[in-house]
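*Asks:* File name structure33.cif; file contents mmCIF, C-alpha atoms; full text below.
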data_my_file
#
loop_
_atom_site.label_atom_id
_atom_site.label_comp_id
_atom_site.auth_asym_id
_atom_site.auth_seq_id
_atom_site.Cartn_x
_atom_site.Cartn_y
_atom_site.Cartn_z
CA MET A 12 -33.95 -16.11 -106.75
CA SER A 13 -35.70 -14.34 -103.89
CA ALA A 14 -34.64 -10.96 -102.59
CA ALA A 15 -33.36 -12.61 -99.43
CA ASP A 16 -31.21 -15.03 -101.44
CA ALA A 17 -29.74 -12.17 -103.41
CA LEU A 18 -28.30 -10.71 -100.23
CA SER A 19 -25.18 -12.16 -98.78
CA GLU A 20 -25.42 -13.43 -95.25
CA GLY A 21 -26.46 -10.63 -92.96
CA HIS A 22 -24.22 -7.97 -94.52
CA GLY A 23 -26.94 -6.29 -96.58
CA LYS A 24 -24.79 -6.56 -99.70
CA LEU A 25 -25.51 -8.24 -102.98
CA ASN A 26 -24.59 -11.89 -103.19
CA PRO A 27 -21.17 -12.21 -104.89
CA SER A 28 -22.51 -14.80 -107.31
CA ILE A 29 -25.11 -12.27 -108.48
CA VAL A 30 -22.38 -9.69 -109.01
CA ALA A 31 -20.32 -12.20 -110.97
CA ALA A 32 -23.29 -13.13 -113.12
CA LEU A 33 -24.03 -9.48 -113.84
CA TYR A 34 -20.41 -8.92 -114.80
CA LEU A 35 -20.50 -11.84 -117.22
CA ALA A 36 -23.78 -10.65 -118.69
CA HIS A 37 -23.06 -6.94 -119.04
CA GLY A 38 -19.38 -6.35 -118.34
CA GLU A 39 -18.22 -6.37 -121.94
CA GLU A 40 -21.03 -4.14 -123.17
CA LEU A 41 -20.39 -1.72 -120.32
CA ARG A 42 -16.71 -1.66 -121.11
CA ARG A 43 -17.43 -0.71 -124.71
CA PHE A 44 -19.86 1.97 -123.60
CA LEU A 45 -17.23 3.38 -121.25
CA LEU A 46 -14.60 3.27 -123.96
CA GLY A 47 -16.91 5.37 -126.09
CA LEU A 48 -17.15 7.89 -123.27
CA VAL A 49 -13.58 8.13 -122.01
CA ARG A 50 -11.73 7.03 -125.19
CA ASP A 51 -9.04 5.29 -123.19
CA PRO A 52 -9.02 1.51 -122.54
CA ALA A 53 -7.21 1.81 -119.21
CA LEU A 54 -9.57 4.50 -117.93
CA ALA A 55 -12.55 2.51 -119.18
CA ALA A 56 -11.32 -0.52 -117.26
CA ASP A 57 -10.88 1.57 -114.12
CA VAL A 58 -14.38 2.98 -114.37
CA LEU A 59 -15.80 -0.47 -115.04
CA GLN A 60 -14.16 -1.73 -111.87
CA THR A 61 -15.52 1.20 -109.88
CA THR A 62 -18.98 0.57 -111.29
CA PHE A 63 -18.99 -3.01 -110.09
CA ALA A 64 -17.60 -1.94 -106.73
CA ARG A 65 -20.63 0.32 -106.44
CA LEU A 66 -22.79 -2.66 -107.36
CA VAL A 67 -21.31 -4.63 -104.49
CA GLU A 68 -21.91 -1.77 -102.08
CA ARG A 69 -25.32 -0.58 -103.25
CA GLY A 70 -26.62 -3.32 -105.48
CA HIS A 71 -28.94 -4.65 -102.79
CA GLU A 72 -30.90 -1.42 -103.07
CA THR A 73 -31.74 -2.14 -106.70
CA ARG A 74 -34.38 -4.34 -108.22
CA GLU A 75 -33.32 -7.24 -110.33
CA GLU A 76 -35.14 -6.07 -113.46
CA THR A 77 -33.53 -2.63 -113.36
CA ARG A 78 -29.96 -3.64 -112.58
CA LYS A 79 -28.65 -3.34 -116.11
CA ALA A 80 -29.99 0.19 -116.47
CA TRP A 81 -28.65 0.97 -112.99
CA LEU A 82 -25.18 -0.26 -114.05
CA PHE A 83 -25.19 1.93 -117.16
CA ARG A 84 -26.28 4.98 -115.16
CA VAL A 85 -23.59 4.44 -112.55
CA ALA A 86 -20.99 3.81 -115.24
CA TYR A 87 -22.02 6.98 -117.06
CA HIS A 88 -21.76 9.15 -113.95
CA GLU A 89 -18.45 7.57 -112.91
CA ALA A 90 -17.04 8.13 -116.40
CA MET A 91 -18.10 11.77 -116.41
CA ALA A 92 -16.59 12.21 -112.95
CA VAL A 93 -13.33 10.67 -114.16
CA ARG A 94 -13.31 12.93 -117.20
CA ARG A 95 -13.72 15.97 -115.01
CA ARG A 96 -11.22 14.76 -112.42
CA GLU A 97 -8.58 13.63 -114.86
CA ALA A 98 -9.16 16.64 -117.08
CA VAL A 99 -9.52 14.35 -120.02
CA GLY A 100 -12.12 16.58 -121.61
CA ASP A 101 -9.54 17.63 -124.14
CA LYS A 102 -8.58 14.05 -124.76
CA VAL A 103 -12.15 13.19 -125.63
CA VAL A 104 -11.65 14.87 -128.95
CA ARG A 105 -9.39 11.96 -129.67
CA GLU A 106 -11.02 8.99 -131.21
CA VAL A 107 -11.47 5.64 -129.61
CA ALA A 108 -8.33 3.57 -129.74
CA TRP A 109 -9.76 1.67 -132.67
CA GLN A 110 -7.16 -0.97 -132.76
CA ALA A 111 -7.01 -1.53 -129.02
CA ASN A 112 -7.41 -5.26 -128.71
CA GLY A 113 -5.54 -5.77 -125.45
CA ASP A 114 -8.64 -4.78 -123.53
CA VAL A 115 -10.36 -8.11 -123.97
CA THR A 116 -10.08 -9.88 -120.69
CA THR A 117 -11.10 -13.50 -120.98
CA ALA A 118 -10.54 -16.29 -123.47
CA GLU A 119 -14.27 -16.34 -124.13
CA ASP A 120 -14.22 -12.63 -124.91
CA ARG A 121 -11.34 -13.20 -127.30
CA LEU A 122 -13.26 -15.96 -129.02
CA VAL A 123 -16.35 -13.77 -129.37
CA ARG A 124 -14.18 -10.95 -130.68
CA PHE A 125 -12.44 -13.27 -133.12
CA GLU A 126 -15.75 -14.51 -134.47
CA ALA A 127 -17.06 -10.96 -134.76
CA VAL A 128 -13.96 -9.86 -136.62
CA GLN A 129 -14.22 -12.80 -138.99
CA SER A 130 -17.87 -12.00 -139.70
CA VAL A 131 -17.11 -8.36 -140.28
CA GLN A 132 -14.18 -9.29 -142.49
CA ALA A 133 -16.45 -11.43 -144.64
CA GLU A 134 -19.01 -8.64 -144.89
CA LEU A 135 -16.31 -6.11 -145.75
CA ALA A 136 -15.48 -8.19 -148.78
CA ASN A 137 -19.13 -8.03 -149.84
CA LEU A 138 -19.37 -4.25 -149.66
CA ARG A 139 -19.36 -2.19 -152.80
CA PRO A 140 -15.84 -0.92 -153.50
CA ALA A 141 -16.91 2.69 -152.94
CA GLU A 142 -18.40 1.78 -149.55
CA ARG A 143 -15.44 -0.25 -148.54
CA GLN A 144 -13.11 2.57 -149.47
CA ILE A 145 -14.98 4.97 -147.20
CA VAL A 146 -14.97 2.48 -144.33
CA ARG A 147 -11.26 1.91 -144.69
CA MET A 148 -10.43 5.60 -144.91
CA ARG A 149 -12.62 6.52 -141.95
CA ILE A 150 -11.86 3.69 -139.54
CA TYR A 151 -8.49 2.31 -140.54
CA GLU A 152 -6.85 5.47 -141.80
CA GLU A 153 -8.76 7.61 -139.27
CA LYS A 154 -9.59 10.38 -141.68
CA SER A 155 -12.55 12.64 -141.02
CA PHE A 156 -15.49 12.59 -143.41
CA ALA A 157 -14.60 16.09 -144.56
CA VAL A 158 -11.10 14.96 -145.54
CA ILE A 159 -12.43 11.81 -147.20
CA ALA A 160 -14.93 13.79 -149.24
CA LYS A 161 -12.22 16.17 -150.31
CA GLU A 162 -9.76 13.43 -151.23
CA LEU A 163 -12.33 11.45 -153.18
CA ASN A 164 -13.79 14.59 -154.68
CA ILE A 165 -17.33 13.69 -153.68
CA PRO A 166 -19.95 15.65 -151.71
CA LEU A 167 -19.80 15.25 -147.93
CA GLY A 168 -23.37 13.91 -147.95
CA THR A 169 -22.34 11.16 -150.34
CA ALA A 170 -19.46 10.12 -148.13
CA LEU A 171 -21.75 10.06 -145.09
CA ALA A 172 -24.42 8.09 -146.93
CA ARG A 173 -21.94 5.48 -148.13
CA MET A 174 -20.54 5.09 -144.65
CA ARG A 175 -23.96 4.77 -143.11
CA THR A 176 -25.01 2.14 -145.62
CA ALA A 177 -21.81 0.20 -145.06
CA LEU A 178 -22.20 0.35 -141.27
CA MET A 179 -25.75 -0.96 -141.47
CA LYS A 180 -24.54 -3.93 -143.50
CA LEU A 181 -21.62 -4.58 -141.19
CA ARG A 182 -23.67 -4.28 -138.04
CA LYS A 183 -25.89 -7.16 -139.11
CA ARG A 184 -22.84 -9.40 -138.86
CA LEU A 185 -22.14 -8.59 -135.23
CA PRO A 186 -23.71 -10.74 -132.52
CA ARG A 187 -26.51 -9.00 -130.68
CA PRO A 188 -25.80 -8.24 -127.00
CA ASP A 189 -28.52 -10.63 -125.79
CA GLU A 190 -26.98 -13.44 -127.89
CA GLU A 191 -23.52 -12.62 -126.66
CA SER A 192 -24.38 -12.81 -122.98
CA LYS A 193 -25.98 -16.23 -123.28
CA MET B 15 -21.02 18.76 -139.13
CA LYS B 16 -24.76 18.72 -138.53
CA MET B 17 -26.23 15.43 -137.51
CA GLN B 18 -29.81 14.77 -136.52
CA THR B 19 -29.48 14.89 -132.77
CA THR B 20 -32.58 16.72 -131.68
CA ASP B 21 -35.10 14.06 -132.43
CA ASN B 22 -35.68 11.93 -129.36
CA GLN B 23 -37.73 9.45 -131.32
CA LEU B 24 -34.90 8.20 -133.47
CA ASN B 25 -35.24 4.72 -134.83
CA THR B 26 -32.52 2.19 -134.16
CA GLY B 27 -30.70 2.91 -137.42
CA ASP B 28 -30.62 6.62 -136.73
CA LEU B 29 -29.53 6.09 -133.17
CA ASP B 30 -26.75 3.74 -134.26
CA TRP B 31 -25.57 6.28 -136.79
CA LEU B 32 -25.65 9.06 -134.20
CA ALA B 33 -23.73 6.87 -131.76
CA PHE B 34 -21.16 6.10 -134.43
CA CYS B 35 -20.71 9.80 -135.18
CA TYR B 36 -20.30 10.44 -131.45
CA VAL B 37 -17.71 7.71 -131.09
CA ALA B 38 -15.96 8.81 -134.28
CA ASN B 39 -15.87 12.38 -133.00
CA GLU B 40 -17.86 13.64 -135.95
CA LEU B 41 -20.34 15.64 -133.86
CA SER B 42 -20.07 19.31 -133.17
CA ALA B 43 -19.46 20.39 -129.55
CA ASP B 44 -23.17 21.18 -129.02
CA GLU B 45 -24.27 17.92 -130.57
CA GLN B 46 -21.78 16.03 -128.48
CA ALA B 47 -22.95 17.69 -125.26
CA SER B 48 -26.55 17.02 -126.18
CA PHE B 49 -25.89 13.38 -126.90
CA GLU B 50 -23.93 12.93 -123.70
CA SER B 51 -26.72 14.40 -121.63
CA ARG B 52 -29.05 11.96 -123.31
CA LEU B 53 -26.78 9.08 -122.30
CA ALA B 54 -27.42 9.90 -118.65
CA ASP B 55 -30.88 8.37 -118.70
CA ASP B 56 -31.35 6.69 -122.08
CA GLN B 57 -30.44 3.05 -121.92
CA THR B 58 -30.87 2.49 -125.65
CA ALA B 59 -28.47 5.32 -126.44
CA CYS B 60 -25.89 3.80 -124.08
CA GLU B 61 -26.25 0.46 -125.82
CA ALA B 62 -25.94 2.15 -129.19
CA VAL B 63 -22.61 3.64 -128.09
CA ALA B 64 -21.43 0.20 -127.00
CA ARG B 65 -22.44 -1.24 -130.38
CA ALA B 66 -20.69 1.55 -132.24
CA VAL B 67 -17.45 0.92 -130.35
CA GLU B 68 -17.72 -2.80 -130.99
CA LEU B 69 -18.33 -2.29 -134.69
CA VAL B 70 -15.50 0.17 -135.12
CA GLN B 71 -13.05 -2.09 -133.29
CA ALA B 72 -14.13 -5.13 -135.27
CA VAL B 73 -13.75 -3.28 -138.58
CA ALA B 74 -10.35 -1.93 -137.56
CA LEU B 75 -9.17 -5.41 -136.61
CA ALA B 76 -10.55 -6.88 -139.80
CA GLU B 77 -8.75 -4.27 -141.88
CA THR B 78 -5.57 -4.88 -139.89
CA CYS B 79 -5.81 -8.61 -140.58
CA ASP B 80 -6.25 -7.84 -144.28
CA ARG B 81 -3.13 -5.71 -144.26
CA GLU B 82 -1.12 -8.41 -142.50
CA ARG B 83 -1.76 -11.10 -145.11
CA PRO B 84 1.31 -12.99 -146.35
CA ILE B 85 3.48 -11.24 -148.92
CA PRO B 86 2.64 -12.40 -152.44
CA ALA B 87 5.05 -14.91 -153.95
CA SER B 88 6.03 -12.52 -156.76
CA ILE B 89 7.35 -10.05 -154.19
CA THR B 90 9.08 -12.84 -152.30
CA ARG B 91 10.84 -13.96 -155.49
CA ARG B 92 12.08 -10.45 -156.09
CA THR B 93 13.64 -10.39 -152.67
CA THR B 94 15.18 -13.88 -152.88
CA TRP B 95 18.56 -13.05 -154.43
CA PRO B 96 19.49 -10.21 -152.12
CA ARG B 97 18.51 -12.43 -149.21
CA ARG B 98 20.65 -15.27 -150.58
CA LEU B 99 23.63 -12.96 -150.97
CA ALA B 100 23.15 -11.75 -147.45
CA TRP B 101 23.10 -15.31 -146.12
CA MET B 102 26.17 -16.23 -148.19
CA SER B 103 28.12 -13.33 -146.75
CA VAL B 104 27.03 -14.35 -143.27
CA GLY B 105 28.26 -17.91 -143.94
CA ALA B 106 31.61 -16.69 -145.28
CA SER B 107 32.07 -14.51 -142.25
CA ALA B 108 31.32 -17.42 -139.96
CA ALA B 109 33.88 -19.61 -141.79
CA LEU B 110 36.53 -16.93 -141.42
CA VAL B 111 35.82 -16.66 -137.74
CA LEU B 112 36.18 -20.45 -137.37
CA VAL B 113 39.54 -20.47 -139.17
CA ALA B 114 40.80 -17.61 -137.07
CA ALA B 115 39.64 -19.41 -133.96
CA ALA B 116 41.45 -22.63 -134.96
CA LEU B 117 44.69 -20.76 -135.63
CA GLY B 118 44.34 -18.95 -132.40
CA TRP B 119 43.79 -22.24 -130.56
CA GLN B 120 47.03 -23.65 -131.93
CA SER B 121 49.03 -20.73 -130.66
CA ILE B 122 47.19 -20.90 -127.35
CA SER B 123 47.95 -24.61 -126.97
CA GLY B 124 51.59 -23.74 -127.66
CA TRP B 125 51.46 -21.54 -124.60
CA PHE B 126 50.49 -24.54 -122.48
CA ALA B 127 53.28 -26.87 -123.81
CA PRO B 128 55.89 -27.89 -121.21
CA PRO B 129 58.30 -25.00 -120.89
CA PRO B 130 62.01 -25.49 -121.45
CA ALA B 131 62.58 -25.42 -117.71
CA ASP B 132 60.77 -28.78 -117.42
CA ARG B 133 63.05 -30.31 -120.02
CA GLY B 134 66.04 -29.23 -117.97
CA ARG B 135 64.44 -30.78 -114.95
CA LEU B 136 63.99 -34.02 -116.88
CA ALA B 137 67.66 -34.00 -117.87
CA GLU B 138 68.63 -33.43 -114.28
CA VAL B 139 66.54 -36.39 -113.13
CA TRP B 140 68.02 -38.44 -115.88
CA SER B 141 71.60 -37.70 -114.90
CA GLN B 142 70.81 -38.24 -111.22
CA THR B 143 69.38 -41.65 -111.95
CA ARG B 144 72.39 -42.47 -114.08
CA ASP B 145 74.65 -41.56 -111.16
CA GLU B 146 72.68 -43.79 -108.85
CA VAL B 147 72.97 -46.69 -111.22
CA ARG B 148 76.63 -46.00 -111.61
CA GLN B 149 77.09 -45.90 -107.85
CA ILE B 150 75.38 -49.25 -107.45
CA VAL B 151 77.55 -50.72 -110.10
CA TYR B 152 80.80 -49.37 -108.68
CA THR B 153 80.13 -50.07 -104.99
CA GLU B 154 79.19 -53.65 -105.68
CA PRO B 155 81.40 -54.66 -108.53
CA LEU B 156 80.13 -57.61 -110.39
CA ASP B 157 82.01 -59.86 -112.60
CA LEU B 158 80.91 -58.07 -115.57
CA PRO B 159 82.68 -58.44 -118.79
CA PRO B 160 84.85 -55.48 -119.74
CA VAL B 161 82.56 -54.74 -122.57
CA MET B 162 79.71 -53.98 -120.16
CA GLU B 163 81.86 -51.63 -118.10
CA ALA B 164 82.78 -49.88 -121.22
CA ASP B 165 79.12 -49.62 -122.01
CA PHE B 166 78.38 -47.73 -118.80
CA SER B 167 81.01 -45.18 -119.64
CA SER B 168 79.08 -44.03 -122.56
CA GLU B 169 75.57 -42.54 -122.45
CA GLU B 170 74.92 -43.71 -125.93
CA SER B 171 75.43 -47.33 -124.92
CA LEU B 172 72.70 -47.43 -122.25
CA PRO B 173 70.31 -50.27 -122.79
CA SER B 174 66.92 -49.42 -123.91
CA TRP B 175 65.18 -50.93 -120.86
CA ILE B 176 67.01 -48.53 -118.55
CA THR B 177 66.06 -45.64 -120.71
CA ALA B 178 62.50 -46.83 -120.67
CA ALA B 179 62.53 -47.36 -116.91
CA VAL B 180 63.98 -43.94 -116.25
CA PHE B 181 61.51 -42.25 -118.43
CA ASN B 182 58.67 -44.25 -116.92
CA GLN B 183 59.82 -43.26 -113.45
CA ALA B 184 60.11 -39.67 -114.47
CA ALA B 185 56.61 -39.79 -115.82
CA SER B 186 54.94 -41.64 -112.95
CA ALA B 187 56.84 -40.72 -109.79
CA PRO B 188 55.61 -37.42 -108.37
CA GLU B 189 58.65 -36.90 -106.14
CA LEU B 190 61.72 -37.53 -108.18
CA ASP B 191 64.04 -35.83 -105.78
CA GLY B 192 63.33 -38.29 -102.99
CA PRO B 193 65.72 -41.00 -101.89
CA SER B 194 66.13 -43.98 -104.08
CA THR B 195 63.98 -46.94 -103.24
CA HIS B 196 66.31 -49.46 -104.74
CA ASP B 197 67.12 -52.25 -102.39
CA GLU B 198 69.17 -54.26 -104.72
CA SER B 199 71.90 -54.30 -102.14
#
Starting from the file, give its structure as structure tokens.
*Replies:*
Amino acid sequence: MSAADALSEGHGKLNPSIVAALYLAHGEELRRFLLGLVRDPALAADVLQTTFARLVERGHETREETRKAWLFRVAYHEAMAVRRREAVGDKVVREVAWQANGDVTTAEDRLVRFEAVQSVQAELANLRPAERQIVRMRIYEEKSFAVIAKELNIPLGTALARMRTALMKLRKRLPRPDEESK
Amino acid sequence: MKMQTTDNQLNTGDLDWLAFCYVANELSADEQASFESRLADDQTACEAVARAVELVQAVALAETCDRERPIPASITRRTTWPRRLAWMSVGASAALVLVAAALGWQSISGWFAPPPADRGRLAEVWSQTRDEVRQIVYTEPLDLPPVMEADFSSEESLPSWITAAVFNQAASAPELDGPSTHDES
């Protein structure tokens, strides 16, 4: 698509179909990134919306090949602004709402999520019991590594190493972002 | 907790681990600030955070699904008898309520039975009709046998068809007090 086609008729703004395509391609990844920053699904959704509003306003000033990076930069700065404005700095010590699953917006997203969960579930069953125990205690029971190490009576480094190994195995089961956006 | 956050040349595995520790709030305040400043212009770090969130959510959901598996049959069996007793008591209570309702309905229907005042009204209509019949008989004397006259003198001797007619009239005629429509004269 040429630069002229990317602009909507005479308004100097990005063509809405381009915005929609960018949302489909990067919206979910951006939402997760924002959730990691603001730790609140509702705030993350708000910032995501603001980010794409900026894209509509200023997207025509960007180059096609840099738009994803531009979106992440804008999202980052908007999230930091929201954290300062909403005084959620103290809330950031909270963890991500791990079990928040109401933030998936479309049926396709739900399907992708369902498949990812099934894959991870299968891989969880393949983990060594010690690794699986750490994963469960850290993510499901939301215990810190220090607490886990103390409860299991193992060195902190061992707990971290088991978790890291388990995460590397589990991550292989998740679809890669470029596969997901196809 | 010290994590390796100073090395800008982290490989993907290290970066993923760092992003997980950031998301899991396992970094110290300095490490967290350092990582966040890196996110401002490092696309790969941003993507690593997104992956960490995705992984954590997927694992949490997978664990939740595991915890929500059906209750084993052995546990279900143990809970069967108390559940049965509970259902039996519910059934007995329902039966008692039905019986009470039926008894209550009978007494309620008794309330809607014709009151004694209506029976008096019926007797009044009956005697009025009898007077009319008697008047017809006496104003236009027929050559009736003495036995028949004697019959009219006694209520008990009224023929059954008159009784039936009177009762039919009482049942069907809405205005029983109106003038007689007999034109047998």
*Asks:* Return the neighbours of chain A among the residues of chain B, cut-off 7 Å, counting all atoms listed in the file, as a PyMOL selection string.
*Replies:* chain B and resi 31+37-39+54-55+57+60-61+63-64+67-77
*Asks:* What gap, in Å, lies between atom CA of A:Arg74 and atom CA of B:Thr26?
*Replies:*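 It comes out at 26.8 Å.
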*Asks:* Calculate how many Å separate atom CA of A:Ala55 from atom CA of A:Lys24, rounding to one decimal.
*Replies:* 24.7 Å
*Asks:* Residue by residue, what does the PyMOL selection byres ((chain A and resi 60) around 12) grab here? Present the result as a list in words.
*Replies:*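 With the shown file as input, the PyMOL selection byres ((chain A and resi 60) around 12) matches Val30, Tyr34, Gly38, Glu39, Leu41, Arg42, Leu45, Ala53, Leu54, Ala55, Ala56, Asp57, Val58, Leu59, Thr61, Thr62, Phe63, Ala64, Arg65, Leu66, Val67, Leu82, Val85, Ala86, Glu89 and Ala90 of chain A.
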*Asks:* Any chance you could export the current selection's C-alpha atoms as a short mmCIF file (atom, residue, chain, number, x, y, z; two decimals), in the frame of the given file?
*Replies:*
data_model
loop_
_atom_site.label_atom_id
_atom_site.label_comp_id
_atom_site.auth_asym_id
_atom_site.auth_seq_id
_atom_site.Cartn_x
_atom_site.Cartn_y
_atom_site.Cartn_z
CA VAL A 30 -22.38 -9.69 -109.01
CA TYR A 34 -20.41 -8.92 -114.80
CA GLY A 38 -19.38 -6.35 -118.34
CA GLU A 39 -18.22 -6.37 -121.94
CA LEU A 41 -20.39 -1.72 -120.32
CA ARG A 42 -16.71 -1.66 -121.11
CA LEU A 45 -17.23 3.38 -121.25
CA ALA A 53 -7.21 1.81 -119.21
CA LEU A 54 -9.57 4.50 -117.93
CA ALA A 55 -12.55 2.51 -119.18
CA ALA A 56 -11.32 -0.52 -117.26
CA ASP A 57 -10.88 1.57 -114.12
CA VAL A 58 -14.38 2.98 -114.37
CA LEU A 59 -15.80 -0.47 -115.04
CA THR A 61 -15.52 1.20 -109.88
CA THR A 62 -18.98 0.57 -111.29
CA PHE A 63 -18.99 -3.01 -110.09
CA ALA A 64 -17.60 -1.94 -106.73
CA ARG A 65 -20.63 0.32 -106.44
CA LEU A 66 -22.79 -2.66 -107.36
CA VAL A 67 -21.31 -4.63 -104.49
CA LEU A 82 -25.18 -0.26 -114.05
CA VAL A 85 -23.59 4.44 -112.55
CA ALA A 86 -20.99 3.81 -115.24
CA GLU A 89 -18.45 7.57 -112.91
CA ALA A 90 -17.04 8.13 -116.40
#
*Asks:* Distance atom CA of B:Leu41-atom CA of A:His37, one decimal place?
*Replies:*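 Atom-to-atom, atom CA of B:Leu41 to atom CA of A:His37, that is 27.1 Å.
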